[in-house]
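Structure first, then comments.
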Protein chains: 2
Amino acid sequence: MNQIKGRQSTKFEKDVYILGCASVVGQKEGEGPLGDNFDKVVKDPMFGKKSWEEAESEMQAIAARLVLEKCQIKADDIRMVFAGDLLAQSIASCFGLVDLNRPLYGLFGACSTIGEAISLGAMAVAGGYANHVLSMTSSHFASVEKEFRFPLAYGNQKPPSSSWTVTGSGACVISSEKSNVKITGITSGKIVDFGLKDSQNMGACMAPAAADTISQNMADFDRNPGDYDRIITGDLGKIGREILIELMKQKGYDIRDNYLDCGMLIFDSNTQDTNAGGSGCGCAATVLASTLIPKLESGEWQRILFVPTGALMSKVSFFEGQSVPGIAQGVVLEYVGKEK
Amino acid sequence: MNQIKGRQSTKFEKDVYILGCASVVGQKEGEGPLGDNFDKVVKDPMFGKKSWEEAESEMQAIAARLVLEKCQIKADDIRMVFAGDLLAQSIASCFGLVDLNRPLYGLFGACSTIGEAISLGAMAVAGGYANHVLSMTSSHFASVEKEFRFPLAYGNQKPPSSSWTVTGSGACVISSEKSNVKITGITSGKIVDFGLKDSQNMGACMAPAAADTISQNMADFDRNPGDYDRIITGDLGKIGREILIELMKQKGYDIRDNYLDCGMLIFDSNTQDTNAGGSGCGCAATVLASTLIPKLESGEWQRILFVPTGALMSKVSFFEGQSVPGIAQGVVLEYVGKEK
């Protein structure tokens with residue numbers, strides 16, 4: 001059985017690998033601490049297009065082409081695409097992926113979307129429904145400011161708890177073909193609502209969901225934090241990080257020593273004015289593709305728990321006074337170089 | 001192998017069933033031709049809540065509770081939920097399903113979402129990742145008018161090609177437990193863009209995607225239209241219907257005799273002033289749950305091809321002059337009463 005009885009996690013019995021990854025980011029991300037790791041840094045924030053939304057779509061198209069190239073496969077080899085983004089009705093993905101001409105399952109998991117895309121992609125491959133699938137997401141600073149916040153020209157000041165949306169698209173080919181990195185399990189995330197309403201402090205809104213998924217992963221797989229080289233959340237940022245560490249301590253797990261957050265890795269908040277850290281679907285996806293997977297490919301890390309986090313809200317839900325629930329999707333990735 | 005080589009379809013090798021369904025609709029749907037078939041007709045369009053969005057969430061919560069009751073299972077028996085809706089950032093699902101407290105994979109496939117939810121749910125069950133999953137969607141006339149069109153109080157007139165969004169939520173439990181209705185295959189849909197830009201004629205925008213998925217299904221499974229008791233699209237309506245029949249003829253298939261469209265079944269457009277027909281994620285989902293599945297359960301139909309259709313667009317993509325691409329997800333459902 002693939003499912004772990006009575007729990008929320010799946011242990012894949014059939015082998016499923018990350019065949020390759022690609023990352024495309026904007027200038028600011030290229031100037032950050034991980035700048036050298038990205039496959040492509042595009043200085044033009046419009047990506048040669050006429051609107052922010054088209055720019056984001058173009059970024060997805062570039063990332064998709066790039067990952068196919070790196071994996072030396074053709075679009076036709078992709079059986080299904082799992083993709084989504086933060087824009088209303090997922091238009092970045094819909095318009096970005098139309099030319100790929102492959103079957104699409106559109107997703108929405110807010111900034112946890114790459115975790116959802118990898119989870120479903122791994123299920124599809126391990127279930128024998130596909131040899132190769134493409135799992136990808138994107139976000140663009142300007143399209144997201146327009147979608148959720150204020151017009152850029154308004155020059156709105158942001159509180160220190162706010163995050164900076166990453167301009168980036170990350171894509172992975174998940175495959176039955178062997179590579180050095182195996183997806184060995186997933187922990188499917190629940191919506192967790194602590195009733196917080198501050199959309200400028202999404203780290204705090206998402207931390208309870210991250211704690212829920214991580215502790216569930218430990219229980220389901222009978223592991224401790226030390227069984228992972230790193231536990232890596234999506235975009236909790238500085239404040240969410242501290243809350244997560246505290247919540248995990250209350251659940252009996254000390255993760256302080258091996259815990260990282262993609263939102264804190266991608267920018268240097270001291271010099272890049274990004275407040276609590278990076279966020280957006282593209283944050284976890286580009287950090288995974290550029291930095292985390294290579295460390296697994298080389299064997300520097302043996303096993304990580306990757307936990308992209310999402311804040312579930314819209315302009316409308318915010319204006320109607322709703323809370324901002326969180327969700328976090330867990331993926332266990334392992335180095336299996338020796339198997340090859 | 002589950003996948004049909006070089007094609008877009010999956011034939012499930014392991015048994016996967018629709019254990020039960022539930023449908024909740026509004027007053028207008030209750031007054032339509034299928035009125036007696038729905039499990040619950042709620043006359044209050046606010047569903048006892050303060051906003052249209054909360055009303056839609058409440059409708060999902062009711063549908064979820066109802067299907068669990070009908071299947072005589074508990075929420076804890078559901079391993080994963082696959083759900084989505086038409087609102088920006090899927091807030092109807094996010095807020096409607098939080099109290100269910102089960103792992104969620106959020107989807108966006110516009111009005112094709114129930115097809116996507118059933119496809120992924122069937123993959124999860126057939127892959128051994130779950131014994132029971134919940135696949136569901138919703139739409140609400142007023143929340144969707146607000147999201148995509150005009151304020152209700154404006155009293156905007158609609159062209160004859162426009163559709164009327166169904167207020168309804170449909171939910172299915174997909175299961176490894178035997179029932180009379182089996183999901184035997186799926187055809188994963190591609191985005192198809194004929195460049196049409198009229199969001200008030202979504203039937204025309206979606207018909208090419210429906211033709212693509214249906215003809216692909218015929219090719220992949222080596223079937224003809226006559227091999228299905230009915231081929232049933234989601235919400236093409238009067239105009240889309242004629243286009244689909246013509247496009248299929250061009251591809252060498254005559255579907256006129258056994259073709260139905262959920263959007264044309266749910267309302268009587270002559271007396272209910274619904275123009276081209278019903279639409280919305282709730283349209284295909286409630287017609288499936290209330291009318292199509294019962295005909296398979298009883299053996300009146302032996303095999304159908306259910307093809308929910310989606311128009312991929314947002315307010316922003318429309319205002320930026322983008323086209324309205326379509327997508328259609330195919331699901332093959334069969335009566336297997338004798339197996340029981």
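Going by the structure tokens order, chains are called A, B, ..., each with residues numbered from 1, while ligands are numbered from 1 in the order shown.
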TODO: Determine, counting only C-alpha atoms, which protein, DNA and RNA residues have an atom within 10 Å of an atom of Gly337 (chain B); residues of the same chain fewer than 6 positions away are not included. Present the result as a PyMOL selection string.
DONE: chain B and resi 178-182+296-299+302
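Counting only C-alpha atoms, every residue of chain A that comes within 6 Å of chain B is listed here: Asn2, Gln3, Ala88, Gln89, Val98, Arg102, Pro103, Leu104, Gly106, Leu107, Phe108, Gly109, Gly127, Gly128, Tyr129, Ser188, Gly189, Lys190, Ile191 and Ser314 of chain A.
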For the selection you just gave me, I'd like the residues written to a file as a PDB file, in the first residue's frame, keeping C-alpha atoms.
```pdb
ATOM      1  CA  ASN A   2       1.177   3.472  -0.853  1.00  0.00           C
ATOM      2  CA  GLN A   3      -0.848   5.187   1.844  1.00  0.00           C
ATOM      3  CA  ALA A  88      -7.164  35.225 -10.505  1.00  0.00           C
ATOM      4  CA  GLN A  89      -8.263  32.253 -12.631  1.00  0.00           C
ATOM      5  CA  VAL A  98      -0.997  26.974 -24.167  1.00  0.00           C
ATOM      6  CA  ARG A 102       0.159  19.240 -23.477  1.00  0.00           C
ATOM      7  CA  PRO A 103      -2.671  18.079 -21.184  1.00  0.00           C
ATOM      8  CA  LEU A 104      -2.975  20.416 -18.218  1.00  0.00           C
ATOM      9  CA  GLY A 106      -4.540  23.592 -13.304  1.00  0.00           C
ATOM     10  CA  LEU A 107      -3.886  24.018  -9.594  1.00  0.00           C
ATOM     11  CA  PHE A 108      -4.413  26.584  -6.898  1.00  0.00           C
ATOM     12  CA  GLY A 109      -2.571  26.275  -3.622  1.00  0.00           C
ATOM     13  CA  GLY A 127       0.759   5.353 -10.348  1.00  0.00           C
ATOM     14  CA  GLY A 128       1.912   4.498 -13.861  1.00  0.00           C
ATOM     15  CA  TYR A 129      -0.167   7.210 -15.526  1.00  0.00           C
ATOM     16  CA  SER A 188      -0.877  16.174   1.962  1.00  0.00           C
ATOM     17  CA  GLY A 189      -1.675  19.431   3.723  1.00  0.00           C
ATOM     18  CA  LYS A 190      -4.882  20.545   5.395  1.00  0.00           C
ATOM     19  CA  ILE A 191      -6.218  24.083   5.565  1.00  0.00           C
ATOM     20  CA  SER A 314      -8.228  37.004  -2.193  1.00  0.00           C
TER      21      SER A 314
END
```
Open item on the list: Between CA of Asp15 (chain B) and CA of Ser290 (chain B), what distance in Å does the model show, to one decimal?
Closed with: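 Answer for the CA of Asp15 (chain B) to CA of Ser290 (chain B) separation: 23.0 Å.
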Open item on the list: DSSP on the backbone, alpha helix (DSSP H) only: what residues of region 238-339 of chain B does that give? Format it as number ranges by chain.
Closed with: B: 238-250, 262-266, 269-272, 281-287, 293-297, 315-319
Output N, CA and C atoms of each residue in that selection to a file, as a CSV table (one decimal), in the first residue's frame.
```csv
chain,number,residue,atom,x,y,z
B,238,LYS,N,-26.5,26.2,-26.3
B,238,LYS,CA,-27.0,26.0,-27.6
B,238,LYS,C,-26.1,26.2,-28.8
B,239,ILE,N,-25.3,27.3,-28.7
B,239,ILE,CA,-24.4,27.7,-29.8
B,239,ILE,C,-23.2,26.8,-29.8
B,240,GLY,N,-22.6,26.6,-28.6
B,240,GLY,CA,-21.4,25.7,-28.5
B,240,GLY,C,-21.7,24.3,-29.0
B,241,ARG,N,-23.0,23.8,-28.7
B,241,ARG,CA,-23.4,22.5,-29.0
B,241,ARG,C,-23.3,22.3,-30.6
B,242,GLU,N,-23.9,23.3,-31.3
B,242,GLU,CA,-23.9,23.2,-32.7
B,242,GLU,C,-22.5,23.2,-33.3
B,243,ILE,N,-21.6,24.0,-32.7
B,243,ILE,CA,-20.2,24.1,-33.2
B,243,ILE,C,-19.5,22.8,-32.9
B,244,LEU,N,-19.8,22.2,-31.7
B,244,LEU,CA,-19.1,20.9,-31.4
B,244,LEU,C,-19.5,19.8,-32.4
B,245,ILE,N,-20.9,19.8,-32.6
B,245,ILE,CA,-21.4,18.7,-33.5
B,245,ILE,C,-20.7,18.9,-34.9
B,246,GLU,N,-20.5,20.1,-35.4
B,246,GLU,CA,-19.9,20.4,-36.7
B,246,GLU,C,-18.4,20.0,-36.6
B,247,LEU,N,-17.7,20.4,-35.6
B,247,LEU,CA,-16.3,20.1,-35.5
B,247,LEU,C,-16.0,18.6,-35.4
B,248,MET,N,-16.9,17.9,-34.7
B,248,MET,CA,-16.8,16.5,-34.6
B,248,MET,C,-17.0,15.8,-36.0
B,249,LYS,N,-18.0,16.4,-36.7
B,249,LYS,CA,-18.3,15.9,-38.1
B,249,LYS,C,-17.0,16.0,-38.9
B,250,GLN,N,-16.3,17.2,-38.8
B,250,GLN,CA,-15.1,17.4,-39.6
B,250,GLN,C,-14.0,16.4,-39.2
B,262,CYS,N,-24.8,19.4,-20.3
B,262,CYS,CA,-25.4,19.7,-19.0
B,262,CYS,C,-26.1,21.1,-18.9
B,263,GLY,N,-25.4,22.1,-19.6
B,263,GLY,CA,-26.0,23.4,-19.6
B,263,GLY,C,-27.3,23.6,-20.2
B,264,MET,N,-27.6,22.6,-21.1
B,264,MET,CA,-29.0,22.7,-21.8
B,264,MET,C,-30.0,21.8,-21.0
B,265,LEU,N,-29.5,20.9,-20.1
B,265,LEU,CA,-30.4,20.0,-19.4
B,265,LEU,C,-30.9,20.7,-18.1
B,266,ILE,N,-30.1,21.6,-17.5
B,266,ILE,CA,-30.4,22.1,-16.2
B,266,ILE,C,-31.5,23.2,-16.2
B,269,SER,N,-34.6,26.9,-21.3
B,269,SER,CA,-34.2,28.3,-21.7
B,269,SER,C,-35.4,29.0,-22.3
B,270,ASN,N,-36.5,28.3,-22.7
B,270,ASN,CA,-37.7,29.0,-23.2
B,270,ASN,C,-38.5,29.7,-22.1
B,271,THR,N,-38.5,29.1,-20.9
B,271,THR,CA,-39.3,29.7,-19.9
B,271,THR,C,-38.4,30.3,-18.8
B,272,GLN,N,-37.1,29.9,-18.7
B,272,GLN,CA,-36.3,30.4,-17.6
B,272,GLN,C,-35.4,31.5,-17.9
B,281,CYS,N,-18.9,26.0,-12.7
B,281,CYS,CA,-18.4,24.8,-12.2
B,281,CYS,C,-19.5,23.9,-11.6
B,282,GLY,N,-20.5,24.6,-11.1
B,282,GLY,CA,-21.6,23.8,-10.5
B,282,GLY,C,-22.6,23.2,-11.5
B,283,CYS,N,-22.5,23.6,-12.7
B,283,CYS,CA,-23.4,23.1,-13.7
B,283,CYS,C,-23.2,21.6,-14.0
B,284,ALA,N,-22.0,21.3,-14.5
B,284,ALA,CA,-21.7,19.9,-14.8
B,284,ALA,C,-21.7,19.0,-13.6
B,285,ALA,N,-21.2,19.6,-12.5
B,285,ALA,CA,-21.1,18.9,-11.2
B,285,ALA,C,-22.5,18.5,-10.7
B,286,THR,N,-23.4,19.4,-10.7
B,286,THR,CA,-24.8,19.0,-10.1
B,286,THR,C,-25.6,18.2,-11.1
B,287,VAL,N,-25.4,18.4,-12.4
B,287,VAL,CA,-26.1,17.5,-13.3
B,287,VAL,C,-25.6,16.1,-13.2
B,293,ILE,N,-25.3,10.2,-12.9
B,293,ILE,CA,-24.8,9.0,-12.1
B,293,ILE,C,-26.0,8.1,-11.8
B,294,PRO,N,-27.2,8.7,-11.4
B,294,PRO,CA,-28.3,7.8,-11.1
B,294,PRO,C,-28.7,6.9,-12.3
B,295,LYS,N,-28.6,7.5,-13.6
B,295,LYS,CA,-28.9,6.7,-14.8
B,295,LYS,C,-27.9,5.6,-15.0
B,296,LEU,N,-26.6,5.8,-14.5
B,296,LEU,CA,-25.6,4.7,-14.6
B,296,LEU,C,-25.8,3.7,-13.4
B,297,GLU,N,-26.2,4.2,-12.3
B,297,GLU,CA,-26.4,3.4,-11.1
B,297,GLU,C,-27.5,2.3,-11.4
B,315,LYS,N,-11.1,38.6,-15.6
B,315,LYS,CA,-11.4,40.0,-15.9
B,315,LYS,C,-10.2,40.7,-16.5
B,316,VAL,N,-9.1,40.4,-15.9
B,316,VAL,CA,-7.8,41.1,-16.4
B,316,VAL,C,-7.4,40.6,-17.8
B,317,SER,N,-7.5,39.3,-18.0
B,317,SER,CA,-7.1,38.8,-19.4
B,317,SER,C,-8.1,39.4,-20.4
B,318,PHE,N,-9.4,39.5,-20.0
B,318,PHE,CA,-10.4,40.1,-20.9
B,318,PHE,C,-10.1,41.5,-21.2
B,319,PHE,N,-9.8,42.3,-20.2
B,319,PHE,CA,-9.6,43.7,-20.4
B,319,PHE,C,-8.3,44.0,-21.2
```
- [ ] Tell me, as JSON, numbers by chain, which residues lie within 6 Å of Gly330 (chain B), counting only C-alpha atoms; anything in the same chain fewer than 5 positions away does not count.
- [x] {"B": [186, 187, 306, 307]}
Output C-alpha atoms for every residue in the selection just made, as a CSV table (one decimal), in the first residue's frame.
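Okay, this is what ended up in selection.csv:
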```
chain,number,residue,atom,x,y,z
B,186,ILE,CA,-9.9,9.5,-18.4
B,187,THR,CA,-8.7,11.7,-21.3
B,306,PHE,CA,-18.5,13.0,-19.4
B,307,VAL,CA,-16.6,16.0,-20.7
```
Task: Shell around Lys158 (chain A) at 10 Å using only C-alpha atoms, local window under 6 positions removed, as a PyMOL selection string - done: chain A and resi 164+200+274-275
Task: Shell around Ile231 (chain A) at 9 Å using only C-alpha atoms, local window under 2 positions removed, as a ChimeraX atom specification - done: /A:214,225,228-229,233,255,258-261,304-307
Task: Secondary structure check, strand (DSSP E or B) residues of region 114-234 of chain B, as a count of residues only - done: 31
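For the pair CA of Met206 (chain B) and CA of Gly170 (chain A), the interatomic distance is 29.1 Å.
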Open item on the list: I'd like the interatomic distance between CA of Val42 (chain B) and CA of Ala64 (chain B), to a tenth of an Å.
Closed with: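 One can read the CA of Val42 (chain B) to CA of Ala64 (chain B) distance as 15.0 Å.
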Task: Contacts of Met59 (chain B) at 8 Å (only C-alpha atoms; same-chain gap of 5+ positions) as a VMD selection string - done: chain B and resid 24 to 25 47 96 138 168 to 169
